[in-house]
$ cat input.cif   # mmCIF, C-alpha atoms
data_target
loop_
_atom_site.label_atom_id
_atom_site.label_comp_id
_atom_site.auth_asym_id
_atom_site.auth_seq_id
_atom_site.Cartn_x
_atom_site.Cartn_y
_atom_site.Cartn_z
CA MET A 1 44.71 -15.85 -0.67
CA ASN A 2 42.73 -19.01 -0.10
CA LEU A 3 39.55 -18.74 -2.15
CA ILE A 4 37.79 -21.40 -0.11
CA ASP A 5 38.32 -19.48 3.12
CA VAL A 6 37.03 -16.30 1.57
CA TYR A 7 34.01 -18.04 0.07
CA VAL A 8 33.06 -19.70 3.35
CA TYR A 9 33.53 -16.39 5.14
CA GLU A 10 31.31 -14.63 2.60
CA VAL A 11 28.51 -17.13 3.30
CA THR A 12 28.79 -17.42 7.07
CA ARG A 13 29.13 -13.73 7.84
CA ARG A 14 25.56 -13.34 6.55
CA LEU A 15 24.21 -16.00 8.89
CA PRO A 16 23.22 -15.97 12.57
CA GLU A 17 26.11 -16.61 14.93
CA LYS A 18 24.88 -19.99 16.16
CA LEU A 19 24.75 -21.52 12.67
CA ARG A 20 28.15 -20.29 11.51
CA GLN A 21 30.53 -22.93 12.75
CA ASP A 22 28.47 -25.87 11.57
CA ILE A 23 27.82 -24.47 8.12
CA ASP A 24 31.46 -23.43 7.86
CA LEU A 25 32.61 -27.02 8.41
CA GLU A 26 30.00 -28.54 6.14
CA LEU A 27 30.73 -26.15 3.29
CA ARG A 28 34.45 -26.79 3.50
CA ALA A 29 33.90 -30.55 3.39
CA ALA A 30 31.49 -30.14 0.47
CA ILE A 31 33.94 -28.01 -1.50
CA GLU A 32 36.85 -30.34 -0.81
CA ASP A 33 34.72 -33.31 -1.89
CA MET A 34 34.29 -31.67 -5.27
CA LEU A 35 38.04 -31.21 -5.75
CA PRO A 36 40.52 -33.78 -7.09
CA GLU A 37 43.54 -34.92 -4.99
CA GLN A 38 45.98 -32.38 -6.39
CA TYR A 39 43.93 -29.33 -7.24
CA THR A 40 44.71 -26.03 -8.91
CA GLU A 41 43.08 -22.67 -8.39
CA ASP A 42 40.95 -23.28 -11.48
CA ASP A 43 39.57 -26.44 -9.89
CA VAL A 44 38.63 -24.41 -6.83
CA LYS A 45 36.97 -21.78 -9.01
CA ASP A 46 34.97 -24.50 -10.78
CA ALA A 47 33.80 -25.95 -7.49
CA LEU A 48 32.86 -22.56 -6.08
CA SER A 49 30.96 -21.55 -9.19
CA LYS A 50 28.83 -24.68 -8.73
CA LEU A 51 27.86 -23.40 -5.29
CA GLY A 52 27.10 -20.00 -6.77
CA ASP A 53 26.82 -16.52 -5.29
CA PRO A 54 27.60 -16.68 -1.55
CA ALA A 55 24.91 -14.10 -0.83
CA VAL A 56 22.27 -16.29 -2.51
CA LEU A 57 23.51 -19.38 -0.72
CA ALA A 58 23.41 -17.59 2.63
CA ALA A 59 19.89 -16.36 1.88
CA SER A 60 18.66 -19.88 1.23
CA TYR A 61 20.05 -20.96 4.60
CA ARG A 62 17.94 -18.38 6.35
CA ASP A 63 14.41 -19.30 7.25
CA GLN A 64 13.03 -15.80 7.37
CA PRO A 65 11.17 -14.65 4.29
CA MET A 66 13.13 -12.53 1.85
CA TYR A 67 10.31 -10.02 1.50
CA LEU A 68 8.74 -7.45 3.77
CA ILE A 69 5.07 -8.03 3.06
CA GLY A 70 4.09 -11.53 2.04
CA PRO A 71 0.92 -12.84 0.41
CA ASN A 72 -0.62 -13.58 3.83
CA VAL A 73 -0.79 -9.97 4.91
CA TYR A 74 -0.59 -8.21 1.54
CA ASP A 75 -4.35 -7.68 1.19
CA ALA A 76 -4.72 -6.34 4.70
CA TYR A 77 -1.69 -4.12 4.17
CA ILE A 78 -3.03 -2.55 0.99
CA TRP A 79 -6.47 -2.17 2.54
CA THR A 80 -5.01 -0.36 5.54
CA LEU A 81 -2.97 1.95 3.31
CA LYS A 82 -6.04 2.81 1.24
CA LYS A 83 -8.05 3.60 4.36
CA THR A 84 -5.33 5.64 6.04
CA ILE A 85 -3.56 7.63 3.36
CA PRO A 86 -6.46 9.77 2.08
CA TRP A 87 -7.33 10.79 5.64
CA ALA A 88 -3.72 11.46 6.50
CA ILE A 89 -3.46 13.78 3.51
CA LEU A 90 -6.76 15.48 4.23
CA VAL A 91 -6.22 16.02 7.95
CA THR A 92 -2.65 17.25 7.49
CA ALA A 93 -3.68 19.65 4.74
CA ILE A 94 -6.56 21.07 6.80
CA VAL A 95 -4.54 21.37 10.01
CA HIS A 96 -1.74 23.19 8.23
CA ALA A 97 -4.15 25.37 6.29
CA VAL A 98 -5.81 26.43 9.57
CA VAL A 99 -2.45 26.94 11.26
CA GLY A 100 -1.32 29.02 8.31
CA ILE A 101 -4.38 31.24 8.55
CA MET A 102 -4.24 31.58 12.32
CA SER A 103 -0.60 32.58 12.24
CA PHE A 104 -1.29 35.26 9.68
CA ALA A 105 0.05 38.41 11.26
CA GLY A 106 -1.49 40.86 8.83
CA ASP A 107 1.71 42.50 7.73
CA GLU A 108 2.22 40.32 4.66
CA ALA A 109 0.34 40.21 1.41
CA ILE A 110 -2.37 37.56 1.38
CA LEU A 111 -1.13 36.05 -1.87
CA ALA A 112 2.41 35.66 -0.55
CA MET A 113 1.01 34.09 2.59
CA VAL A 114 -1.19 31.72 0.56
CA LEU A 115 1.78 30.60 -1.53
CA LYS A 116 3.88 30.08 1.57
CA ALA A 117 1.05 28.15 3.21
CA ILE A 118 0.61 25.93 0.14
CA GLY A 119 4.33 25.14 0.13
CA ASN A 120 4.11 24.37 3.81
CA ILE A 121 1.08 22.13 3.32
CA ILE A 122 2.75 20.16 0.52
CA ALA A 123 5.92 19.66 2.56
CA ASN A 124 3.95 18.50 5.58
CA VAL A 125 1.73 16.18 3.56
CA ILE A 126 4.82 14.51 2.10
CA MET A 127 6.34 14.13 5.54
CA VAL A 128 3.17 12.68 7.05
CA LEU A 129 2.84 10.31 4.08
CA MET A 130 6.34 9.02 4.72
CA TYR A 131 5.60 8.51 8.41
CA VAL A 132 2.34 6.72 7.68
CA LEU A 133 3.90 4.56 4.98
CA PHE A 134 6.87 3.71 7.15
CA TRP A 135 4.94 2.76 10.26
CA ILE A 136 2.23 0.77 8.51
CA THR A 137 4.90 -1.11 6.56
CA ALA A 138 6.94 -1.69 9.71
CA VAL A 139 3.93 -3.03 11.61
CA PHE A 140 2.89 -5.35 8.80
CA ALA A 141 6.45 -6.56 8.25
CA ALA A 142 6.56 -7.41 11.96
CA ILE A 143 3.22 -9.22 11.70
CA GLU A 144 4.56 -11.12 8.70
CA ARG A 145 7.63 -12.23 10.63
CA PHE A 146 6.44 -12.92 14.13
CA ALA A 147 2.73 -13.37 14.42
CA PHE A 148 1.15 -14.68 11.28
CA SER A 149 3.89 -16.39 9.34
CA LYS A 150 2.68 -19.82 10.48
CA GLU A 151 1.75 -21.99 7.58
CA GLY A 152 -1.87 -22.03 6.61
CA PHE A 153 -2.69 -18.94 8.60
CA HIS A 154 -4.42 -16.33 6.56
CA PHE A 155 -4.60 -12.83 7.97
CA SER A 156 -7.41 -10.85 6.48
CA LYS A 157 -9.07 -7.73 7.71
CA ASN A 158 -11.86 -9.87 9.17
CA ASN A 159 -9.22 -11.82 11.05
CA SER A 160 -10.77 -15.17 10.17
CA SER A 161 -10.72 -17.46 7.22
CA TRP A 162 -13.18 -16.78 4.45
CA THR A 163 -16.64 -18.33 4.47
CA PRO A 164 -19.48 -17.81 2.00
CA ASP A 165 -21.46 -16.17 4.83
CA GLN A 166 -19.24 -13.10 4.52
CA LEU A 167 -20.88 -12.46 1.16
CA LYS A 168 -24.07 -11.50 3.00
CA LYS A 169 -22.30 -8.50 4.50
CA VAL A 170 -21.14 -7.15 1.17
CA ASP A 171 -23.10 -4.25 -0.28
CA MET A 172 -23.06 -4.32 -4.03
CA ILE A 173 -23.23 -0.70 -5.09
CA PRO A 174 -24.54 -0.38 -8.62
CA LYS A 175 -22.40 2.00 -10.59
CA ARG A 176 -25.34 4.07 -11.79
CA LYS A 177 -26.39 4.84 -8.19
CA ALA A 178 -22.94 5.27 -6.72
CA ILE A 179 -21.58 8.39 -5.07
CA SER A 180 -17.88 8.44 -5.79
CA ARG A 181 -15.42 8.85 -2.92
CA GLY A 182 -13.77 11.70 -4.79
CA GLU A 183 -17.05 13.56 -4.97
CA VAL A 184 -17.58 13.24 -1.20
CA ILE A 185 -14.04 14.32 -0.37
CA PHE A 186 -14.42 17.24 -2.73
CA SER A 187 -17.62 18.45 -1.05
CA PHE A 188 -15.93 18.11 2.33
CA ILE A 189 -13.03 20.30 1.21
CA TRP A 190 -15.46 22.68 -0.46
CA ILE A 191 -17.40 23.20 2.80
CA ILE A 192 -14.22 23.79 4.81
CA PHE A 193 -12.99 26.19 2.13
CA TRP A 194 -16.13 28.36 2.27
CA LEU A 195 -16.23 28.27 6.06
CA MET A 196 -12.71 29.63 6.17
CA ILE A 197 -13.54 32.29 3.58
CA TYR A 198 -16.53 33.29 5.68
CA PHE A 199 -14.76 33.56 9.03
CA TRP A 200 -11.64 35.24 7.68
CA ALA A 201 -13.28 37.32 4.95
CA ASP A 202 -11.73 40.53 6.29
CA ASP A 203 -8.28 39.04 5.69
CA ILE A 204 -8.95 37.28 2.42
CA VAL A 205 -11.74 38.87 0.40
CA GLY A 206 -10.91 42.37 -0.60
CA ILE A 207 -8.93 44.65 -2.81
CA TYR A 208 -5.37 43.69 -3.61
CA GLN A 209 -2.92 46.07 -5.11
CA SER A 210 0.59 45.45 -6.22
CA VAL A 211 2.83 47.88 -4.47
CA GLU A 212 6.24 48.31 -5.91
CA GLY A 213 8.92 46.32 -4.14
CA SER A 214 6.70 44.32 -1.81
CA GLY A 215 4.42 42.35 -4.14
CA LEU A 216 0.67 42.14 -3.66
CA GLN A 217 -0.74 44.02 -0.73
CA PHE A 218 -4.15 43.71 0.88
CA VAL A 219 -5.65 47.17 0.74
CA MET A 220 -9.08 46.81 2.30
CA PRO A 221 -11.66 44.10 2.93
CA PHE A 222 -14.64 43.89 0.63
CA PHE A 223 -17.24 43.13 3.26
CA ASN A 224 -18.22 44.65 6.53
CA GLN A 225 -16.98 41.84 8.74
CA ASN A 226 -19.32 42.69 11.64
CA THR A 227 -22.41 42.43 9.46
CA LEU A 228 -21.08 39.26 7.89
CA LEU A 229 -20.25 37.63 11.22
CA SER A 230 -23.66 38.46 12.70
CA PHE A 231 -24.92 35.45 10.74
CA TRP A 232 -22.50 33.02 12.33
CA PRO A 233 -25.04 30.77 14.15
CA ILE A 234 -26.97 30.09 10.96
CA ILE A 235 -23.74 29.55 9.01
CA VAL A 236 -22.49 27.06 11.58
CA LEU A 237 -25.87 25.29 11.47
CA ILE A 238 -25.74 25.05 7.68
CA ALA A 239 -22.14 23.83 7.83
CA ILE A 240 -23.08 21.10 10.31
CA LEU A 241 -25.97 20.00 8.07
CA GLU A 242 -23.72 19.95 5.00
CA LEU A 243 -21.03 18.02 6.88
CA GLY A 244 -23.70 15.57 8.03
CA LEU A 245 -24.59 15.03 4.39
CA VAL A 246 -20.97 14.31 3.63
CA VAL A 247 -20.87 11.70 6.41
CA PHE A 248 -23.98 9.97 5.09
CA LYS A 249 -22.73 10.03 1.49
CA TRP A 250 -19.44 8.53 2.65
CA ARG A 251 -21.22 5.81 4.61
CA ASP A 252 -23.96 4.80 2.16
CA ARG A 253 -21.92 5.28 -1.02
CA GLN A 254 -25.07 5.45 -3.11
CA TRP A 255 -28.00 7.75 -3.79
CA THR A 256 -31.24 6.86 -2.07
CA LEU A 257 -34.48 8.84 -2.21
CA LYS A 258 -34.03 9.90 1.41
CA LEU A 259 -30.49 11.07 0.80
CA ALA A 260 -31.47 12.92 -2.37
CA CYS A 261 -34.31 14.70 -0.48
CA ALA A 262 -32.04 15.67 2.41
CA ASN A 263 -29.37 16.78 -0.03
CA THR A 264 -31.77 19.04 -1.95
CA ILE A 265 -33.41 20.50 1.17
CA ILE A 266 -30.07 21.33 2.79
CA HIS A 267 -28.70 22.84 -0.42
CA VAL A 268 -31.84 24.98 -0.84
CA MET A 269 -31.45 26.12 2.76
CA SER A 270 -27.85 27.12 2.03
CA PHE A 271 -29.08 29.05 -0.99
CA VAL A 272 -31.74 30.87 1.05
CA VAL A 273 -29.14 31.81 3.66
CA PHE A 274 -26.91 33.08 0.88
CA LEU A 275 -29.76 35.24 -0.49
CA VAL A 276 -30.58 36.63 2.95
CA ILE A 277 -26.95 37.54 3.65
CA ALA A 278 -26.46 39.02 0.19
CA ASN A 279 -29.52 41.27 0.66
CA THR A 280 -28.48 42.55 4.08
CA PRO A 281 -27.92 46.29 4.18
CA ASN A 282 -24.44 47.42 5.22
CA LEU A 283 -22.92 44.15 3.99
CA LEU A 284 -20.22 45.91 2.02
CA ASN A 285 -17.35 47.72 3.62
CA PRO A 286 -18.53 51.38 3.58
CA ALA A 287 -15.11 52.46 2.34
CA ILE A 288 -15.10 50.14 -0.63
CA ILE A 289 -17.51 51.91 -2.96
CA PRO A 290 -15.79 55.31 -2.86
CA TYR A 291 -12.39 53.61 -3.19
CA MET A 292 -13.43 51.56 -6.20
CA THR A 293 -15.14 54.45 -7.97
CA GLN A 294 -11.96 56.38 -7.57
CA THR A 295 -9.55 53.72 -8.76
CA MET A 296 -11.77 52.47 -11.58
CA ASP A 297 -12.60 55.97 -12.67
CA THR A 298 -16.35 55.50 -12.78
CA THR A 299 -19.51 56.72 -11.08
CA ILE A 300 -21.13 55.29 -7.97
CA GLY A 301 -24.27 54.47 -9.96
CA SER A 302 -22.59 52.36 -12.62
CA LEU A 303 -20.40 50.64 -10.02
CA THR A 304 -23.42 49.59 -7.90
CA SER A 305 -25.24 48.29 -10.94
CA PHE A 306 -22.07 46.42 -11.93
CA LEU A 307 -21.86 44.85 -8.45
CA ASP A 308 -25.59 44.06 -8.58
CA TRP A 309 -25.02 42.34 -11.85
CA ILE A 310 -22.17 40.25 -10.45
CA TRP A 311 -24.16 39.13 -7.46
CA ARG A 312 -27.14 38.16 -9.63
CA PHE A 313 -24.78 36.15 -11.78
CA ILE A 314 -23.43 34.32 -8.72
CA ALA A 315 -26.96 33.69 -7.38
CA VAL A 316 -28.10 32.23 -10.71
CA GLY A 317 -24.97 30.05 -10.88
CA PHE A 318 -25.61 28.83 -7.36
CA ALA A 319 -29.27 28.05 -8.13
CA VAL A 320 -28.44 26.25 -11.37
CA THR A 321 -25.84 24.08 -9.61
CA ILE A 322 -28.35 23.10 -6.92
CA ILE A 323 -31.05 22.28 -9.45
CA MET A 324 -28.66 20.19 -11.53
CA GLU A 325 -27.40 18.26 -8.54
CA ALA A 326 -30.94 17.72 -7.25
CA PHE A 327 -32.06 16.47 -10.65
CA ASP A 328 -29.04 14.20 -10.95
CA SER A 329 -29.39 12.78 -7.43
CA PHE A 330 -33.10 11.99 -7.85
CA ARG A 331 -32.45 10.42 -11.20
CA LYS A 332 -29.74 8.19 -9.71
CA ALA A 333 -31.83 7.39 -6.61
CA THR A 334 -34.86 6.27 -8.61
CA LYS A 335 -32.92 4.25 -11.18
CA LYS A 336 -33.61 0.56 -10.95
CA MET B 1 14.52 -23.79 -24.26
CA SER B 2 12.34 -20.77 -23.75
CA SER B 3 12.64 -19.10 -20.37
CA LEU B 4 8.97 -19.78 -19.67
CA LEU B 5 9.42 -23.50 -20.26
CA GLN B 6 12.53 -23.38 -18.16
CA SER B 7 10.72 -21.83 -15.22
CA PHE B 8 7.92 -24.43 -15.46
CA THR B 9 10.48 -27.21 -15.52
CA THR B 10 12.30 -25.78 -12.52
CA GLU B 11 9.01 -25.59 -10.67
CA LEU B 12 8.14 -29.21 -11.49
CA ARG B 13 11.56 -30.34 -10.40
CA ARG B 14 11.46 -28.38 -7.16
CA GLY B 15 8.34 -30.23 -6.08
CA THR B 16 10.02 -33.60 -6.52
CA LEU B 17 13.30 -32.66 -4.89
CA THR B 18 12.32 -33.42 -1.30
CA LEU B 19 11.04 -36.83 -2.33
CA ALA B 20 14.25 -37.57 -4.26
CA ILE B 21 16.43 -36.59 -1.31
CA LEU B 22 14.37 -38.49 1.26
CA SER B 23 14.57 -41.62 -0.93
CA GLN B 24 18.36 -41.60 -0.74
CA LEU B 25 18.62 -41.01 2.99
CA ARG B 26 17.53 -44.43 4.21
CA THR B 27 21.25 -45.00 4.59
CA PRO B 28 23.44 -42.22 6.00
CA GLN B 29 24.81 -39.89 3.33
CA TYR B 30 26.89 -36.76 3.36
CA GLY B 31 26.26 -33.89 1.02
CA TYR B 32 28.56 -34.78 -1.83
CA SER B 33 27.74 -38.51 -1.81
CA LEU B 34 24.08 -37.54 -2.03
CA VAL B 35 24.78 -35.34 -5.03
CA GLN B 36 26.59 -38.18 -6.75
CA ARG B 37 23.89 -40.76 -6.05
CA LEU B 38 21.25 -38.41 -7.40
CA GLU B 39 23.34 -37.62 -10.45
CA VAL B 40 23.79 -41.32 -11.22
CA ALA B 41 20.00 -41.63 -11.16
CA GLY B 42 19.74 -38.66 -13.53
CA VAL B 43 18.47 -36.16 -10.97
CA SER B 44 20.64 -33.09 -11.01
CA ILE B 45 20.50 -30.78 -8.04
CA GLU B 46 22.29 -27.55 -7.37
CA GLN B 47 24.51 -27.94 -4.34
CA SER B 48 23.50 -24.49 -3.25
CA THR B 49 19.94 -25.83 -3.03
CA LEU B 50 20.85 -29.13 -1.42
CA TYR B 51 22.66 -27.97 1.71
CA PRO B 52 20.04 -25.47 2.89
CA LEU B 53 17.32 -28.03 2.06
CA LEU B 54 19.02 -30.71 4.18
CA ARG B 55 19.22 -28.28 7.07
CA ARG B 56 15.52 -27.48 6.71
CA LEU B 57 14.62 -31.18 6.68
CA GLU B 58 16.62 -31.56 9.86
CA LYS B 59 14.76 -28.69 11.47
CA GLN B 60 11.49 -30.37 10.49
CA GLU B 61 12.79 -33.51 12.23
CA LEU B 62 12.60 -35.64 9.09
CA VAL B 63 16.34 -36.33 9.17
CA THR B 64 19.06 -36.25 11.79
CA SER B 65 22.72 -35.51 11.27
CA ASN B 66 26.00 -36.26 12.94
CA TRP B 67 29.59 -35.46 12.26
CA ASP B 68 31.96 -38.25 11.33
CA THR B 69 35.48 -37.20 12.18
CA THR B 70 37.13 -40.62 11.76
CA GLU B 71 37.94 -40.10 8.09
CA SER B 72 40.54 -37.79 6.58
CA ARG B 73 38.15 -34.87 6.60
CA PRO B 74 35.11 -34.33 8.82
CA ARG B 75 31.79 -35.04 7.12
CA LYS B 76 28.25 -34.40 8.15
CA TYR B 77 26.06 -37.46 7.61
CA TYR B 78 22.30 -37.19 7.27
CA VAL B 79 19.85 -40.08 7.75
CA LEU B 80 16.07 -40.44 7.91
CA THR B 81 14.44 -40.47 11.34
CA ALA B 82 11.54 -42.81 12.06
CA TYR B 83 9.20 -39.92 11.47
CA GLY B 84 11.06 -39.07 8.28
CA ALA B 85 10.72 -42.65 7.03
CA GLU B 86 6.99 -42.53 7.70
CA VAL B 87 6.59 -39.23 5.86
CA TYR B 88 8.69 -40.59 3.01
CA GLU B 89 6.42 -43.65 2.60
CA GLN B 90 3.31 -41.46 2.52
CA LEU B 91 4.90 -39.01 0.12
CA LYS B 92 5.95 -41.89 -2.12
CA ASN B 93 2.36 -43.17 -2.24
CA GLU B 94 1.14 -39.69 -3.07
CA TRP B 95 3.67 -39.49 -5.85
CA THR B 96 2.73 -42.88 -7.30
CA GLN B 97 -0.93 -41.98 -7.29
CA MET B 98 -0.30 -38.54 -8.74
CA THR B 99 1.87 -39.79 -11.57
CA SER B 100 -0.59 -42.52 -12.53
CA GLU B 101 -3.41 -39.97 -12.57
CA LEU B 102 -1.37 -37.54 -14.58
CA ASN B 103 -0.20 -40.28 -16.94
CA SER B 104 -3.75 -41.32 -17.69
CA LEU B 105 -4.61 -37.65 -18.30
CA LEU B 106 -1.69 -37.22 -20.68
CA LYS B 107 -2.42 -40.58 -22.35
CA GLY B 108 -6.04 -39.54 -22.83
CA GLU B 109 -4.90 -36.40 -24.54
CA LYS B 110 -2.76 -38.45 -26.90
CA ASP B 111 -5.72 -40.68 -27.76
CA ASP B 112 -7.81 -37.60 -28.54
CA GLU B 113 -5.18 -36.44 -30.98
CA PHE B 114 -5.52 -39.61 -32.96
CA ASP B 115 -9.31 -39.63 -33.03
#
$ encode --input "input.cif" --output "structure tokens"
Amino acid sequence: MNLIDVYVYEVTRRLPEKLRQDIDLELRAAIEDMLPEQYTEDDVKDALSKLGDPAVLAASYRDQPMYLIGPNVYDAYIWTLKKTIPWAILVTAIVHAVVGIMSFAGDEAILAMVLKAIGNIIANVIMVLMYVLFWITAVFAAIERFAFSKEGFHFSKNNSSWTPDQLKKVDMIPKRKAISRGEVIFSFIWIIFWLMIYFWADDIVGIYQSVEGSGLQFVMPFFNQNTLLSFWPIIVLIAILELGLVVFKWRDRQWTLKLACANTIIHVMSFVVFLVIANTPNLLNPAIIPYMTQTMDTTIGSLTSFLDWIWRFIAVGFAVTIIMEAFDSFRKATKK
Amino acid sequence: MSSLLQSFTTELRRGTLTLAILSQLRTPQYGYSLVQRLEVAGVSIEQSTLYPLLRRLEKQELVTSNWDTTESRPRKYYVLTAYGAEVYEQLKNEWTQMTSELNSLLKGEKDDEFD
């Protein structure tokens, strides 16, 4: 076996067709130049080891960059990923949560369905993440190779080279006034969560009992769904206001007096709506009190006072949370 | 030599490589003769760096090449183009200026040591 032939083959097979013949000839001449008149295999090995790994040599013949995302587009790439991935996760999770709830047939236990839905959501989020990651990377790798690889061209998200004037557009958000992104995303999820609980309360909120052989079973809803749903216009209104708050918090990224006022007013409105709904007669499923007295082996009187106690506890918790957030937001908004 | 020092040295050398090669291509040279001329002058260059670099210089129109098949084995000769010669002169001036600046910097540092 001729080592020179193999070496040259190992280099040229990695190169574009049109370069092969020329580089083949040049390499052969170069190798032969290094060898003495009468050479042994060891001489050949010496010469070849000076040229080094054929893969590395072939790579240095190629003009294309040996990386996917170069320094020119790296910033824009990372920025795009940061902007896209949280939304991809959020939207996928919400869509699949809604789909999971809509497709609930009613013949399974809620808990089993919830677990299945969570598994489904996680699987879909991972899949969407891979799609997003793949396509963004593919697009930026293409930009790196074809469009913006010219020397001296810097591709930033502003699509122009940097000037000091760009500093005027930057908002410096002081840490002590800032509303964190996590906080805003959390309130968004929180609103969607309670909306879903509200609209599907007759499938979710109720008595569960473990029945032998088939896991947890939904026995009966806790609320009278008709009474509950009679409030839907006001609930939708409150939800829109709360979502509006989320949008403004996301946009402004910091507490201002106006935002703190709006935040407090809307939260107080939510609280009032909660009180009104909680004090509506016929809110509870008429069947629930007799059922619970029976299973818990107690009297109607003590059960109602127990429920009263629970709802007062929730109301106080709700109020305290609102007061604390209002206090905190005004403190942050007025800080110099 | 520590690996850090080694990588700095490699980096320094890489910057001067183009200049060293251009300086030897005023007369036509083939790959191996170029290696030998550089080695005589004390500049060592990996052949695996040289051949791709020559090709790149050709693509940038600083050198041209042609095959000489009259000798016992075919050889590819590279030589500066007019444009290449012009770039070489400018690069040489840059180098002279840079080294004199750097030398005075390094000399100044030495003087400070003895203060």
$ resolve_selection --input "input.cif" --expression "the PyMOL selection byres ((chain A and resi 334) around 12)" --output "PyMOL selection string"
chain A and resi 176-177+254-261+327-333+335-336
$ residues_around --input "input.cif" --residues "Val8 of chain A" --least-positions-apart "5" --cutoff "8 Å" --atoms "all atoms listed in the file" --output "list in words"
Asp24, Leu27, Arg28 and Pro54 of chain A
$ atom_distance --input "input.cif" --atom1 "atom CA of Met269 of chain A" --atom2 "atom CA of Tyr198 of chain A"
16.8 Å
$ interface_residues --input "input.cif" --of "chain B" --to "chain A" --cutoff "7 Å" --atoms "only C-alpha atoms" --output "PyMOL selection string"
chain B and resi 31-32+47-48+52+73-76
$ axis_aligned_box --input "input.cif" --around "segment 114-130 of chain A" --padding-each-side "4 Å" --output "JSON"
{"center_x": 2.6, "center_y": 20.4, "center_z": 2.8, "size_x": 15.5, "size_y": 30.7, "size_z": 16.6}
$ closest_residue --input "input.cif" --among "A:Ala88, A:Glu242, A:Glu10, A:Leu3" --to "Ala47 of chain A" --atoms "all atoms listed in the file"
A:Leu3
$ residues_around --input "input.cif" --residues "Trp200 of chain A" --least-positions-apart "5" --cutoff "9 Å" --atoms "all atoms listed in the file" --output "list in words"
Ile101, Leu195, Val205 and Gln225 of chain A
$ atom_distance --input "input.cif" --atom1 "atom CA of Arg37 of chain B" --atom2 "atom CA of Ile21 of chain B"
9.8 Å
$ resolve_selection --input "input.cif" --expression "the PyMOL selection byres ((chain B and resi 84) around 12)" --output "PyMOL selection string"
chain B and resi 18-19+21-26+57-64+78-83+85-92
$ resolve_selection --input "input.cif" --expression "the PyMOL selection byres ((chain A and resi 236) around 12)" --output "PyMOL selection string"
chain A and resi 191-192+194-196+198-199+229-235+237-243+270+273
$ closest_residue --input "input.cif" --among "B:Pro28, B:Trp95, B:Leu50, B:Val43" --to "Ser65 of chain B" --atoms "all atoms listed in the file"
B:Pro28
$ closest_residue --input "input.cif" --among "B:Arg14, B:Asp68, B:Gln36, B:Thr27" --to "Thr49 of chain B" --atoms "all atoms listed in the file"
B:Arg14
$ closest_residue --input "input.cif" --among "B:Ile45, B:Leu105, B:Leu54, B:Val40" --to "Arg13 of chain B" --atoms "all atoms listed in the file"
B:Ile45
$ atom_distance --input "input.cif" --atom1 "atom CA of Ile300 of chain A" --atom2 "atom CA of Ile288 of chain A"
10.8 Å
$ decode --input "input.cif" --residues "segment 84-95 of chain A" --atoms "N, CA and C atoms" --output "JSON list (two decimals), in the first residue's frame"
[["chain", "number", "residue", "atom", "x", "y", "z"],
["A", 84, "THR", "N", -37.07, 34.28, 21.93],
["A", 84, "THR", "CA", -38.01, 33.30, 21.38],
["A", 84, "THR", "C", -38.34, 32.17, 22.36],
["A", 85, "ILE", "N", -37.31, 31.66, 23.02],
["A", 85, "ILE", "CA", -37.50, 30.43, 23.78],
["A", 85, "ILE", "C", -38.53, 30.54, 24.91],
["A", 86, "PRO", "N", -38.49, 31.61, 25.72],
["A", 86, "PRO", "CA", -39.52, 31.68, 26.77],
["A", 86, "PRO", "C", -40.93, 31.67, 26.21],
["A", 87, "TRP", "N", -41.15, 32.39, 25.10],
["A", 87, "TRP", "CA", -42.49, 32.42, 24.52],
["A", 87, "TRP", "C", -42.85, 31.08, 23.92],
["A", 88, "ALA", "N", -41.89, 30.43, 23.31],
["A", 88, "ALA", "CA", -42.17, 29.11, 22.73],
["A", 88, "ALA", "C", -42.62, 28.15, 23.83],
["A", 89, "ILE", "N", -41.93, 28.20, 24.97],
["A", 89, "ILE", "CA", -42.29, 27.33, 26.09],
["A", 89, "ILE", "C", -43.69, 27.67, 26.59],
["A", 90, "LEU", "N", -43.90, 28.97, 26.80],
["A", 90, "LEU", "CA", -45.16, 29.42, 27.37],
["A", 90, "LEU", "C", -46.34, 29.06, 26.48],
["A", 91, "VAL", "N", -46.23, 29.42, 25.20],
["A", 91, "VAL", "CA", -47.35, 29.21, 24.28],
["A", 91, "VAL", "C", -47.64, 27.71, 24.13],
["A", 92, "THR", "N", -46.57, 26.91, 23.98],
["A", 92, "THR", "CA", -46.77, 25.47, 23.85],
["A", 92, "THR", "C", -47.46, 24.91, 25.09],
["A", 93, "ALA", "N", -46.97, 25.32, 26.26],
["A", 93, "ALA", "CA", -47.54, 24.80, 27.50],
["A", 93, "ALA", "C", -49.01, 25.17, 27.59],
["A", 94, "ILE", "N", -49.35, 26.42, 27.27],
["A", 94, "ILE", "CA", -50.75, 26.85, 27.39],
["A", 94, "ILE", "C", -51.63, 26.13, 26.38],
["A", 95, "VAL", "N", -51.15, 26.08, 25.12],
["A", 95, "VAL", "CA", -51.95, 25.42, 24.08],
["A", 95, "VAL", "C", -52.24, 23.98, 24.48]]
